[in-house]
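The structure appears below as structure tokens.
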Amino acid sequence: MARNTNSNSESETKTTAGGRSRGGGGGNATTTGQNSTTTTTTTTTGTSNTTKSNVKQRLTAAQQQYLKDLVQSHVTNNHPDLIPKPNPANFEEYSDDFLRRYKDNYHLDLPDNLTLKGYLLGSKLGSKTYSYKKNEKGRPDARITKKALAKELKKHFTSTNIKETECIPKFVYKVRNQKKHFKMEFKG
């Protein structure tokens with residue numbers, strides 16, 4: 001069974017009716033297939049110029065890298081699972097609320113961390129106010145920076161010994177009762 005069309009490589013390898021291959025000796029030679037047309041012109045220097053209407057242009061390596069970088073920087077998937085999780089041992093990446101709850105849960109004798117207002121009071125302008133004096137070092141209710149609090153909590157976390165007899169039952173309880181509220185039933 002004969003095919004109606006020739007592929008691009010088949011039409012390029014055909015010879016002309018005169019028996020010579022395209023571009024072989026001087027003059028113009030034209031080969032016409034049913035769906036593709038290729039024209040070869042021989043110049044006076046003996047080189048041939050081939051023009052095609054359906055030539056694929058390939059991207060250079062630099063252009064490919066540029067497109068990859070463009071896609072990486074501008075095409076994003078904002079799914080919550082794709083947000084990188086903080087390193088569990090890096091306490092500075094946790095929220096202020098988490099650090100406070102950790103401190104309160106383990107009854108650590110540490111001052112709270114500064115709020116945004118506390119940071120503003122720590123500036124040159126804030127040092128002239130009465131509230132600035134509350135955060136001076138050595139005062140009983142003074143607050144510390146988040147970095148200092150995170151450092152102390154990390155020190156506590158790494159120095160705490162873990163007992164399997166306490167850890168495993170708590171873990172199993174949390175897994176079994178995940179997303180369930182504690183309910184106490186009274187029968188009377």
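Here, A, B, ... name the chains of the structure tokens in the order displayed, residue numbers run from 1 inside each chain, and ligands are numbered from 1 in the same displayed order.
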
Hey, what's within 7 Å of range 99-113 of chain A if we count only C-alpha atoms and toss same-chain stuff fewer than 3 positions away? As a PDB file with N, CA and C atoms, in the first residue's frame, please?
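File produced: around_37.pdb:
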```
ATOM      1  N   TYR A  94       9.522  29.929  64.296  1.00  0.00           N
ATOM      2  CA  TYR A  94       8.186  29.724  64.850  1.00  0.00           C
ATOM      3  C   TYR A  94       7.564  31.064  65.222  1.00  0.00           C
ATOM      4  N   SER A  95       6.250  31.065  65.325  1.00  0.00           N
ATOM      5  CA  SER A  95       5.537  32.300  65.650  1.00  0.00           C
ATOM      6  C   SER A  95       5.737  32.660  67.120  1.00  0.00           C
ATOM      7  N   ASP A  96       5.472  33.918  67.430  1.00  0.00           N
ATOM      8  CA  ASP A  96       5.584  34.384  68.816  1.00  0.00           C
ATOM      9  C   ASP A  96       4.620  33.624  69.719  1.00  0.00           C
ATOM     10  N   ASP A 141       9.759  42.396  85.086  1.00  0.00           N
ATOM     11  CA  ASP A 141       8.797  42.166  84.003  1.00  0.00           C
ATOM     12  C   ASP A 141       9.350  42.547  82.630  1.00  0.00           C
ATOM     13  N   ALA A 142      10.641  42.682  82.518  1.00  0.00           N
ATOM     14  CA  ALA A 142      11.235  43.087  81.237  1.00  0.00           C
ATOM     15  C   ALA A 142      11.042  41.982  80.203  1.00  0.00           C
ATOM     16  N   ARG A 143      10.925  42.376  78.973  1.00  0.00           N
ATOM     17  CA  ARG A 143      10.751  41.406  77.890  1.00  0.00           C
ATOM     18  C   ARG A 143      12.055  41.267  77.122  1.00  0.00           C
ATOM     19  N   ILE A 144      12.195  40.145  76.447  1.00  0.00           N
ATOM     20  CA  ILE A 144      13.409  39.893  75.678  1.00  0.00           C
ATOM     21  C   ILE A 144      13.058  39.765  74.197  1.00  0.00           C
ATOM     22  N   THR A 145      14.055  39.800  73.363  1.00  0.00           N
ATOM     23  CA  THR A 145      13.805  39.689  71.925  1.00  0.00           C
ATOM     24  C   THR A 145      13.417  38.256  71.573  1.00  0.00           C
ATOM     25  N   LYS A 146      12.807  38.111  70.425  1.00  0.00           N
ATOM     26  CA  LYS A 146      12.382  36.786  69.969  1.00  0.00           C
ATOM     27  C   LYS A 146      13.588  35.881  69.777  1.00  0.00           C
ATOM     28  N   LEU A 149      14.700  34.591  73.177  1.00  0.00           N
ATOM     29  CA  LEU A 149      13.747  33.602  73.686  1.00  0.00           C
ATOM     30  C   LEU A 149      13.883  32.287  72.921  1.00  0.00           C
TER      31      LEU A 149
END
```

Report task. Kindly give the distance, in Å, that separates CA of Ile162 in chain A and CA of Lys174 in chain A, rounded to a single decimal. Result -> 17.3 Å

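Distance-wise, CA of Lys170 in chain A and CA of Asp81 in chain A end up 25.6 Å apart.
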
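For the pair CA of Thr165 in chain A and CA of Lys179 in chain A, the interatomic distance is 23.8 Å.
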
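Comparing A:Lys163, A:His156, A:Lys124, A:Lys187 by their smallest distance to Ala89 in chain A, the closest is A:His156 (using only C-alpha atoms).
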